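Listing of upload_12.tsv; format and content: TSV, C-alpha atoms.
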```
chain	number	residue	atom	x	y	z
A	121	MET	CA	118.39	104.26	74.53
A	122	PRO	CA	121.02	101.81	73.22
A	123	LYS	CA	121.36	101.44	69.48
A	124	LEU	CA	121.37	97.63	69.64
A	125	SER	CA	120.15	94.98	72.08
A	126	ILE	CA	121.86	91.57	71.71
A	127	ILE	CA	119.74	88.77	73.18
A	128	LEU	CA	121.05	85.30	74.00
A	129	VAL	CA	119.04	82.42	75.45
A	130	SER	CA	121.15	79.99	77.46
A	131	TYR	CA	120.38	76.51	78.72
A	132	ASN	CA	123.25	74.51	80.20
A	133	THR	CA	125.76	76.05	77.78
A	134	LYS	CA	128.08	77.65	80.34
A	135	GLN	CA	131.36	77.33	78.42
A	136	LEU	CA	129.81	78.07	75.04
A	137	THR	CA	128.07	81.13	76.45
A	138	GLU	CA	131.29	82.40	78.00
A	139	ASP	CA	133.22	81.88	74.74
A	140	CYS	CA	130.52	83.71	72.79
A	141	LEU	CA	130.48	86.68	75.18
A	142	ARG	CA	134.27	86.93	75.22
A	143	SER	CA	134.35	86.94	71.41
A	144	LEU	CA	131.78	89.75	71.44
A	145	ASN	CA	134.00	91.74	73.80
A	146	THR	CA	136.98	91.14	71.52
A	147	TYR	CA	135.54	92.18	68.17
A	148	VAL	CA	132.59	94.48	68.86
A	149	ASP	CA	132.60	98.02	70.23
A	150	LEU	CA	129.95	97.62	72.91
A	151	LYS	CA	129.27	101.34	73.23
A	152	ASP	CA	125.52	101.93	72.74
A	153	ILE	CA	124.93	98.18	72.91
A	154	GLU	CA	123.17	96.26	75.66
A	155	ILE	CA	123.59	92.50	76.04
A	156	ILE	CA	120.81	90.46	77.61
A	157	VAL	CA	121.18	86.81	78.55
A	158	VAL	CA	117.98	84.93	79.35
A	159	ASP	CA	118.91	81.79	81.26
A	160	ASN	CA	116.35	78.97	81.12
A	161	ASN	CA	117.08	77.55	84.58
A	162	SER	CA	120.48	76.08	83.72
A	163	VAL	CA	121.99	73.71	86.27
A	164	ASP	CA	125.59	74.01	85.05
A	165	GLY	CA	126.39	77.35	86.68
A	166	SER	CA	125.70	79.47	83.61
A	167	ALA	CA	123.91	82.22	85.53
A	168	GLU	CA	126.58	82.34	88.24
A	169	MET	CA	129.31	82.61	85.59
A	170	ILE	CA	127.59	85.56	83.92
A	171	ARG	CA	127.08	87.40	87.22
A	172	GLU	CA	130.73	86.93	88.20
A	173	ARG	CA	132.53	87.45	84.89
A	174	PHE	CA	130.19	89.75	82.94
A	175	PRO	CA	128.58	92.04	85.51
A	176	ALA	CA	127.58	94.62	82.88
A	177	ILE	CA	125.32	92.12	81.14
A	178	ILE	CA	121.60	92.12	81.93
A	179	LEU	CA	120.80	88.64	83.24
A	180	VAL	CA	117.24	87.31	83.30
A	181	GLU	CA	116.85	84.04	85.22
A	182	ASN	CA	113.80	81.94	84.40
A	183	GLU	CA	112.53	79.41	86.92
A	184	SER	CA	112.14	76.71	84.25
A	185	ASN	CA	113.26	75.92	80.71
A	186	MET	CA	110.82	78.02	78.71
A	187	GLY	CA	112.32	77.19	75.33
A	188	PHE	CA	114.03	79.22	72.64
A	189	SER	CA	111.03	81.22	71.42
A	190	LYS	CA	109.67	82.26	74.79
A	191	GLY	CA	113.16	82.94	76.12
A	192	ASN	CA	113.88	85.30	73.24
A	193	ASN	CA	110.53	87.04	73.67
A	194	ILE	CA	111.33	87.63	77.33
A	195	GLY	CA	114.64	89.15	76.26
A	196	ILE	CA	112.92	91.31	73.64
A	197	ARG	CA	110.48	92.68	76.21
A	198	ARG	CA	113.38	93.43	78.57
A	199	SER	CA	115.39	95.18	75.83
A	200	SER	CA	115.35	98.84	74.83
A	201	GLY	CA	117.52	98.98	71.70
A	202	GLU	CA	116.49	100.44	68.35
A	203	TYR	CA	117.62	97.16	66.80
A	204	LEU	CA	117.47	93.63	68.18
A	205	LEU	CA	119.89	90.78	67.54
A	206	LEU	CA	118.89	87.24	68.45
A	207	LEU	CA	122.18	85.39	68.82
A	208	ASN	CA	122.79	81.75	69.76
A	209	THR	CA	125.10	81.04	72.66
A	210	ASP	CA	127.02	78.52	70.54
A	211	THR	CA	128.26	81.19	68.13
A	212	ILE	CA	131.71	82.76	67.95
A	213	ILE	CA	132.25	86.31	66.72
A	214	ILE	CA	135.24	86.59	64.38
A	215	GLU	CA	134.96	90.21	63.22
A	216	ASP	CA	133.09	93.44	63.81
A	217	PHE	CA	129.67	92.72	62.30
A	218	VAL	CA	127.89	95.67	63.90
A	219	SER	CA	129.37	98.54	61.87
A	220	PRO	CA	128.68	97.16	58.37
A	221	ILE	CA	125.16	96.09	59.32
A	222	PHE	CA	124.35	99.48	60.86
A	223	GLU	CA	125.61	101.19	57.72
A	224	TYR	CA	123.59	98.91	55.44
A	225	LEU	CA	120.34	99.18	57.39
A	226	GLU	CA	120.54	102.95	57.71
A	227	LYS	CA	120.57	103.10	53.91
A	228	ASN	CA	117.94	100.39	53.40
A	229	LYS	CA	114.94	101.23	55.55
A	230	ALA	CA	112.74	98.57	53.93
A	231	VAL	CA	114.89	95.75	55.35
A	232	GLY	CA	113.36	94.54	58.61
A	233	VAL	CA	115.13	91.24	59.24
A	234	LEU	CA	118.73	90.42	58.35
A	235	GLY	CA	120.96	87.35	58.55
A	236	CYS	CA	124.71	87.18	57.91
A	237	ARG	CA	127.05	84.49	56.57
A	238	VAL	CA	127.37	81.69	59.12
A	239	LEU	CA	130.33	79.31	59.05
A	240	SER	CA	131.10	75.98	60.69
A	241	LYS	CA	134.14	75.67	62.96
A	242	ASP	CA	136.03	74.51	59.84
A	243	ARG	CA	135.00	77.78	58.11
A	244	GLU	CA	132.62	76.07	55.70
A	245	LEU	CA	129.40	77.87	54.77
A	246	LYS	CA	126.34	76.63	56.67
A	247	VAL	CA	122.73	76.78	55.53
A	248	THR	CA	121.30	79.86	57.25
A	249	CYS	CA	118.87	81.21	54.68
A	250	TRP	CA	116.29	79.28	52.71
A	251	ASN	CA	113.14	79.34	50.66
A	252	GLN	CA	109.92	78.95	52.61
A	253	PRO	CA	109.40	75.26	53.47
A	254	ASN	CA	106.28	73.49	52.26
A	255	ILE	CA	104.75	70.06	52.59
A	256	PHE	CA	106.99	68.63	49.83
A	257	THR	CA	110.32	69.95	51.16
A	258	GLU	CA	109.57	68.75	54.68
A	259	LEU	CA	108.20	65.40	53.49
A	260	SER	CA	111.47	64.89	51.62
A	261	PHE	CA	113.49	65.86	54.68
A	262	PHE	CA	111.77	63.59	57.19
A	263	THR	CA	111.45	60.55	54.92
A	264	VAL	CA	114.52	60.74	52.67
A	265	GLU	CA	117.26	63.06	53.88
A	266	VAL	CA	117.17	62.08	57.55
A	267	ILE	CA	116.34	58.39	57.10
A	268	LYS	CA	118.56	57.51	54.17
A	269	ASN	CA	121.01	60.45	53.95
A	270	ILE	CA	120.75	60.78	50.18
A	271	TYR	CA	120.52	63.71	47.77
A	272	SER	CA	117.15	65.43	47.53
A	273	PRO	CA	116.20	67.97	44.83
A	274	PHE	CA	113.75	69.48	47.32
A	275	ALA	CA	116.63	70.23	49.73
A	276	TYR	CA	118.64	71.69	46.84
A	277	TRP	CA	115.82	74.15	46.19
A	278	LYS	CA	114.86	74.86	49.80
A	279	ASN	CA	118.46	75.49	50.92
A	280	MET	CA	119.23	77.65	47.86
A	281	GLN	CA	122.21	75.52	46.89
A	282	TYR	CA	122.00	76.91	43.36
A	283	TRP	CA	123.37	80.23	44.69
A	284	ASP	CA	126.90	81.04	45.92
A	285	HIS	CA	125.69	83.20	48.88
A	286	LEU	CA	128.19	85.94	48.04
A	287	SER	CA	125.77	88.77	47.33
A	288	VAL	CA	123.10	90.66	49.26
A	289	ARG	CA	119.78	89.05	48.45
A	290	GLU	CA	116.18	89.16	49.59
A	291	VAL	CA	115.25	85.70	50.91
A	292	ASP	CA	112.27	83.99	52.50
A	293	CYS	CA	113.90	82.99	55.80
A	294	VAL	CA	117.08	83.48	57.80
A	295	SER	CA	118.34	81.44	60.72
A	296	GLY	CA	117.51	82.29	64.31
A	297	CYS	CA	121.14	81.68	65.30
A	298	PHE	CA	121.84	85.24	64.06
A	299	MET	CA	118.71	87.23	63.36
A	300	TRP	CA	118.95	91.04	63.30
A	301	ILE	CA	115.54	92.70	63.60
A	302	ARG	CA	114.27	96.27	63.57
A	303	ARG	CA	112.22	96.90	66.69
A	304	GLU	CA	109.37	98.22	64.51
A	305	VAL	CA	109.08	94.76	62.96
A	306	VAL	CA	108.33	93.14	66.33
A	307	GLU	CA	105.89	95.93	67.10
A	308	ALA	CA	104.15	95.24	63.78
A	309	VAL	CA	103.97	91.41	63.73
A	310	GLY	CA	104.80	90.28	67.27
A	311	GLY	CA	107.65	88.16	68.58
A	312	LEU	CA	108.53	84.52	68.02
A	313	ASP	CA	105.70	81.97	68.11
A	314	GLU	CA	105.76	80.54	71.62
A	315	ASP	CA	103.81	77.45	70.50
A	316	ASN	CA	107.15	76.38	69.00
A	317	PHE	CA	109.41	75.49	71.92
A	318	MET	CA	112.30	75.36	69.47
A	319	TYR	CA	112.84	74.65	65.73
A	320	TYR	CA	110.91	76.35	62.90
A	321	GLU	CA	110.36	79.45	65.03
A	322	ASP	CA	112.70	81.48	62.78
A	323	THR	CA	110.94	80.20	59.64
A	324	GLU	CA	107.51	81.08	61.00
A	325	PHE	CA	108.64	84.52	62.14
A	326	CYS	CA	110.18	85.41	58.77
A	327	ARG	CA	107.04	84.20	56.99
A	328	ARG	CA	104.92	86.43	59.21
A	329	VAL	CA	107.16	89.43	58.51
A	330	ARG	CA	106.83	88.91	54.75
A	331	LYS	CA	103.09	88.26	54.88
A	332	HIS	CA	101.97	90.84	57.40
A	333	SER	CA	104.34	93.77	57.07
A	334	GLU	CA	106.04	95.85	54.40
A	335	TYR	CA	109.50	94.82	55.57
A	336	LYS	CA	111.95	92.58	53.70
A	337	VAL	CA	114.05	89.65	54.91
A	338	VAL	CA	117.62	89.88	53.61
A	339	PHE	CA	120.77	87.76	53.57
A	340	PHE	CA	123.83	89.99	54.12
A	341	PRO	CA	127.15	88.27	53.32
A	342	ALA	CA	129.48	91.18	54.07
A	343	THR	CA	130.14	89.83	57.56
A	344	SER	CA	130.43	86.34	59.08
A	345	ILE	CA	130.23	84.47	62.38
A	346	ILE	CA	130.94	80.88	63.40
A	347	HIS	CA	128.12	78.64	64.60
A	348	LEU	CA	129.24	75.53	66.48
A	349	GLY	CA	125.79	73.91	66.71
A	350	GLY	CA	123.92	71.62	64.34
A	351	ALA	CA	126.01	68.50	64.98
A	352	SER	CA	122.92	66.32	64.61
A	353	GLY	CA	122.63	67.50	61.01
A	354	ASP	CA	126.21	66.95	59.88
A	355	GLY	CA	125.61	63.42	58.63
A	356	LYS	CA	127.64	61.75	61.38
A	357	GLU	CA	124.85	60.72	63.69
A	358	VAL	CA	121.11	61.21	63.96
A	359	ASP	CA	119.67	61.97	67.37
A	360	PRO	CA	116.22	60.32	67.29
A	361	LYS	CA	114.86	62.55	70.05
A	362	VAL	CA	115.89	65.72	68.19
A	363	ILE	CA	114.46	64.44	64.90
A	364	LYS	CA	111.14	63.53	66.53
A	365	PHE	CA	110.95	66.89	68.28
A	366	SER	CA	111.79	68.68	65.03
A	367	TYR	CA	109.01	66.73	63.30
A	368	GLN	CA	106.51	67.87	65.92
A	369	SER	CA	107.63	71.48	65.42
A	370	CYS	CA	107.33	71.04	61.66
A	371	CYS	CA	103.72	69.89	62.05
A	372	ASN	CA	102.98	72.99	64.13
A	373	TYR	CA	104.57	75.19	61.48
A	374	LEU	CA	102.67	73.60	58.58
A	375	GLU	CA	99.37	74.08	60.40
A	376	VAL	CA	100.10	77.76	61.04
A	377	ALA	CA	101.42	78.41	57.52
A	378	PHE	CA	99.10	76.29	55.36
A	379	GLY	CA	96.23	75.11	57.54
A	380	LYS	CA	95.10	71.98	59.35
A	381	SER	CA	94.26	70.05	56.16
A	382	TRP	CA	97.78	70.34	54.74
A	383	GLN	CA	99.28	69.42	58.10
A	384	ARG	CA	97.05	66.34	58.28
A	385	LEU	CA	98.04	65.31	54.73
A	386	PHE	CA	101.71	65.74	55.61
A	387	LYS	CA	101.37	63.47	58.64
A	388	ILE	CA	99.47	60.84	56.63
A	389	LEU	CA	102.09	60.79	53.86
A	390	CYS	CA	104.95	60.60	56.35
A	391	GLY	CA	103.27	57.66	58.06
A	392	LEU	CA	102.72	55.80	54.78
A	393	ILE	CA	106.30	56.29	53.56
A	394	TRP	CA	107.77	55.37	56.95
A	395	ARG	CA	105.80	52.11	56.96
A	396	VAL	CA	107.19	51.16	53.57
A	397	GLU	CA	110.71	52.03	54.74
A	398	LEU	CA	110.14	50.08	57.95
A	399	CYS	CA	109.39	46.92	55.96
A	400	VAL	CA	112.49	47.38	53.81
A	401	PHE	CA	114.83	48.05	56.71
A	402	TYR	CA	113.33	45.19	58.71
A	403	LEU	CA	114.69	42.80	56.08
A	404	LEU	CA	118.11	44.44	56.34
A	405	LYS	CA	118.29	45.15	60.05
A	406	ARG	CA	120.87	42.45	60.75
A	407	PHE	CA	123.31	44.97	59.29
A	408	ARG	CA	124.08	47.67	61.86
A	409	PRO	CA	123.48	50.79	59.69
A	410	PHE	CA	120.07	49.48	58.63
A	411	ALA	CA	119.22	48.45	62.18
A	412	LYS	CA	119.69	52.09	63.24
A	413	LYS	CA	117.43	53.28	60.44
A	414	TYR	CA	114.84	50.65	61.37
A	415	ASN	CA	114.84	51.78	65.01
A	416	LEU	CA	114.62	55.44	63.98
A	417	ILE	CA	111.56	54.81	61.81
A	418	LYS	CA	109.89	52.81	64.60
A	419	TRP	CA	110.51	55.77	66.90
A	420	MET	CA	109.08	58.23	64.39
A	421	LEU	CA	105.95	56.06	63.97
A	422	SER	CA	105.40	55.79	67.72
A	423	LYS	CA	102.78	58.01	69.33
A	424	THR	CA	105.22	59.20	71.95
A	425	GLU	CA	105.34	62.99	72.24
A	426	VAL	CA	108.87	64.25	72.82
A	427	LYS	CA	109.66	67.10	75.21
A	428	ILE	CA	113.01	68.79	75.53
A	429	VAL	CA	113.42	70.17	79.04
```

Structure encoded using structure tokens:
Amino acid sequence: MPKLSIILVSYNTKQLTEDCLRSLNTYVDLKDIEIIVVDNNSVDGSAEMIRERFPAIILVENESNMGFSKGNNIGIRRSSGEYLLLLNTDTIIIEDFVSPIFEYLEKNKAVGVLGCRVLSKDRELKVTCWNQPNIFTELSFFTVEVIKNIYSPFAYWKNMQYWDHLSVREVDCVSGCFMWIRREVVEAVGGLDEDNFMYYEDTEFCRRVRKHSEYKVVFFPATSIIHLGGASGDGKEVDPKVIKFSYQSCCNYLEVAFGKSWQRLFKILCGLIWRVELCVFYLLKRFRPFAKKYNLIKWMLSKTEVKIV
């Protein structure tokens, strides 16, 4: 039995996946470690690349894009390690993270889920642990932060910006881009929620661990990786399709976490605020930045369901 199973879900990320796997080979002693790549029917040659260049890796080829949650669950079922690491394909390993985490977890048996420091390509700290979202934090995000790109006290609290992220700390949630899990945790609470194709699946899983097991969720800053993703959230450009899909996932999460009534209230409040913003930006839409915001709000108010395939 391997000590650790590293699971990556790939979908048309051939070069990113290769870079991630090569960085793993460079910095991590792969003895007693199995690597599983679950490919969601990529059409860019990802599976062929893995077979040719990384023959020791366990490759699972799905016949369709099953999403992040289901893809990871397939990898978990295929794995045999004592520990599991869900790792995004758009991450780069910059040091040996395995040894310090093994040492910490062997001494802290109550920790069931762990996240490390995650940096941007410019080595700036990214938000990868947060307080449990609620109707107010998500209402602020979808009606203020995304639409108008302004400061929100709700985001300050949710993203724990009051803390320097330099110490080990028990937290509500850690990011699914690097999520280290004891196998016993999955056996106790199940895998990722497959009703969430992607987005909010890490938040829901961590909530379930805290609510339905004795295990803790911990942020562990003694080691770091680079995460290249999240460009849609860097303030440069908003991808309307991604925002709409994220909103749909948020609604699913709120229903699971707080019930149908709170989810319904969230959707009503979003709709009311968006309509007010739509009127304001309509008057200003002759200016290009406001025209983009106007079109984004119209898209969010539409009844079109977004699918990412």

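Minimum distance to Lys134 of chain A across A:Leu398, A:Met169, A:Ile213, A:Cys297 (counting only C-alpha atoms) occurs at A:Met169.
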
So which residues touch Asn193 of chain A within 8 Å, counting only C-alpha atoms, skipping near sequence neighbours fewer than 3 positions away, as a list in words? Ser189, Lys190, Ile196, Arg197, Gly311 and Leu312 of chain A

Export of prior selection with C-alpha atoms as an mmCIF file, in the coordinates of the input:
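Final file, part34.cif:
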```
data_model
loop_
_atom_site.group_PDB
_atom_site.id
_atom_site.type_symbol
_atom_site.label_atom_id
_atom_site.label_comp_id
_atom_site.auth_asym_id
_atom_site.auth_seq_id
_atom_site.Cartn_x
_atom_site.Cartn_y
_atom_site.Cartn_z
ATOM 1 C CA SER A 189 111.030 81.220 71.420
ATOM 2 C CA LYS A 190 109.670 82.260 74.790
ATOM 3 C CA ILE A 196 112.920 91.310 73.640
ATOM 4 C CA ARG A 197 110.480 92.680 76.210
ATOM 5 C CA GLY A 311 107.650 88.160 68.580
ATOM 6 C CA LEU A 312 108.530 84.520 68.020
#
```

Of the listed residues A:Arg406, A:Arg302, A:Arg142, A:Lys413, that which approaches Leu234 of chain A most closely, counting all atoms listed in the file: A:Arg302

Between A:Val158, A:Ile127, A:Val266, A:Ile170, which is the closest to Leu206 of chain A once you count all atoms listed in the file? A:Ile127

Fewer than 3 positions away in the same chain doesn't count, so skip those; otherwise give me all residues within 9 Å of Cys326 of chain A, counting only C-alpha atoms, as a ChimeraX atom specification. /A:233,252,292-294,321-323,329-331,336-337

One decimal, Å: what's the distance from atom CA of Val426 of chain A over to atom CA of Ser272 of chain A, could you say? 26.6 Å

Between A:Ile345, A:Ala308, A:Cys140, A:Val396, which one has atoms that come closest to Cys236 of chain A, using all atoms listed in the file? A:Ile345

Point out the residue among A:Thr133, A:Asn192, A:Ser184, A:Ser344 with the least atom-to-atom distance to Ile156 of chain A, counting all atoms listed in the file. A:Asn192

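Take the candidates A:Leu374, A:Val238, A:Ile363, A:Gln368 and check each one against Trp419 of chain A using only C-alpha atoms; the shortest distance goes to A:Ile363.
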
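You will find atom CA of Lys387 of chain A at 10.5 Å from atom CA of Phe262 of chain A.
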
Selection near Ser143 of chain A, 12 Å with only C-alpha atoms, sequence-local residues under 6 positions removed, as a VMD selection string: chain A and resid 136 to 137 149 to 150 209 to 217 345 to 346

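Here the residues that fall within 6 Å of (117.0, 79.1, 72.6), using all atoms listed in the file, are given as Val129, Gly187 and Phe188 of chain A.
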
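Residues with any atom within 12 Å of Glu425 of chain A, counting all atoms listed in the file and excluding same-chain neighbours fewer than 4 positions away, are Lys361, Val362, Ile363, Lys364, Phe365, Ser366, Tyr367, Gln368, Ser369, Trp419, Met420 and Leu421 of chain A.
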
I need the chosen residues saved as an mmCIF file, in the coordinates of the input, with C-alpha atoms.
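Below is the file that was written, result.cif:
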```cif
data_model
loop_
_atom_site.group_PDB
_atom_site.id
_atom_site.type_symbol
_atom_site.label_atom_id
_atom_site.label_comp_id
_atom_site.auth_asym_id
_atom_site.auth_seq_id
_atom_site.Cartn_x
_atom_site.Cartn_y
_atom_site.Cartn_z
ATOM 1 C CA LYS A 361 114.860 62.550 70.050
ATOM 2 C CA VAL A 362 115.890 65.720 68.190
ATOM 3 C CA ILE A 363 114.460 64.440 64.900
ATOM 4 C CA LYS A 364 111.140 63.530 66.530
ATOM 5 C CA PHE A 365 110.950 66.890 68.280
ATOM 6 C CA SER A 366 111.790 68.680 65.030
ATOM 7 C CA TYR A 367 109.010 66.730 63.300
ATOM 8 C CA GLN A 368 106.510 67.870 65.920
ATOM 9 C CA SER A 369 107.630 71.480 65.420
ATOM 10 C CA TRP A 419 110.510 55.770 66.900
ATOM 11 C CA MET A 420 109.080 58.230 64.390
ATOM 12 C CA LEU A 421 105.950 56.060 63.970
#
```

Please indicate the distance in Å from atom CA of Val288 of chain A to atom CA of Ala275 of chain A, rounded to one decimal place. 21.4 Å

I want to know what sits within 12 Å of Asn254 of chain A, based on all atoms listed in the file, with residues of the same chain fewer than 3 positions away left out; could you give that as JSON, numbers by chain? {"A": [250, 251, 257, 258, 259, 260, 261, 274, 275, 277, 278, 320, 323, 324, 327, 370, 371, 373, 374, 375, 376, 377, 378, 379, 382, 383, 385, 386]}

For the selection just defined, write its residues with C-alpha atoms to a file, as a short mmCIF file (atom, residue, chain, number, x, y, z; two decimals), in the frame of the given file.
```cif
data_model
loop_
_atom_site.label_atom_id
_atom_site.label_comp_id
_atom_site.auth_asym_id
_atom_site.auth_seq_id
_atom_site.Cartn_x
_atom_site.Cartn_y
_atom_site.Cartn_z
CA TRP A 250 116.29 79.28 52.71
CA ASN A 251 113.14 79.34 50.66
CA THR A 257 110.32 69.95 51.16
CA GLU A 258 109.57 68.75 54.68
CA LEU A 259 108.20 65.40 53.49
CA SER A 260 111.47 64.89 51.62
CA PHE A 261 113.49 65.86 54.68
CA PHE A 274 113.75 69.48 47.32
CA ALA A 275 116.63 70.23 49.73
CA TRP A 277 115.82 74.15 46.19
CA LYS A 278 114.86 74.86 49.80
CA TYR A 320 110.91 76.35 62.90
CA THR A 323 110.94 80.20 59.64
CA GLU A 324 107.51 81.08 61.00
CA ARG A 327 107.04 84.20 56.99
CA CYS A 370 107.33 71.04 61.66
CA CYS A 371 103.72 69.89 62.05
CA TYR A 373 104.57 75.19 61.48
CA LEU A 374 102.67 73.60 58.58
CA GLU A 375 99.37 74.08 60.40
CA VAL A 376 100.10 77.76 61.04
CA ALA A 377 101.42 78.41 57.52
CA PHE A 378 99.10 76.29 55.36
CA GLY A 379 96.23 75.11 57.54
CA TRP A 382 97.78 70.34 54.74
CA GLN A 383 99.28 69.42 58.10
CA LEU A 385 98.04 65.31 54.73
CA PHE A 386 101.71 65.74 55.61
#
```
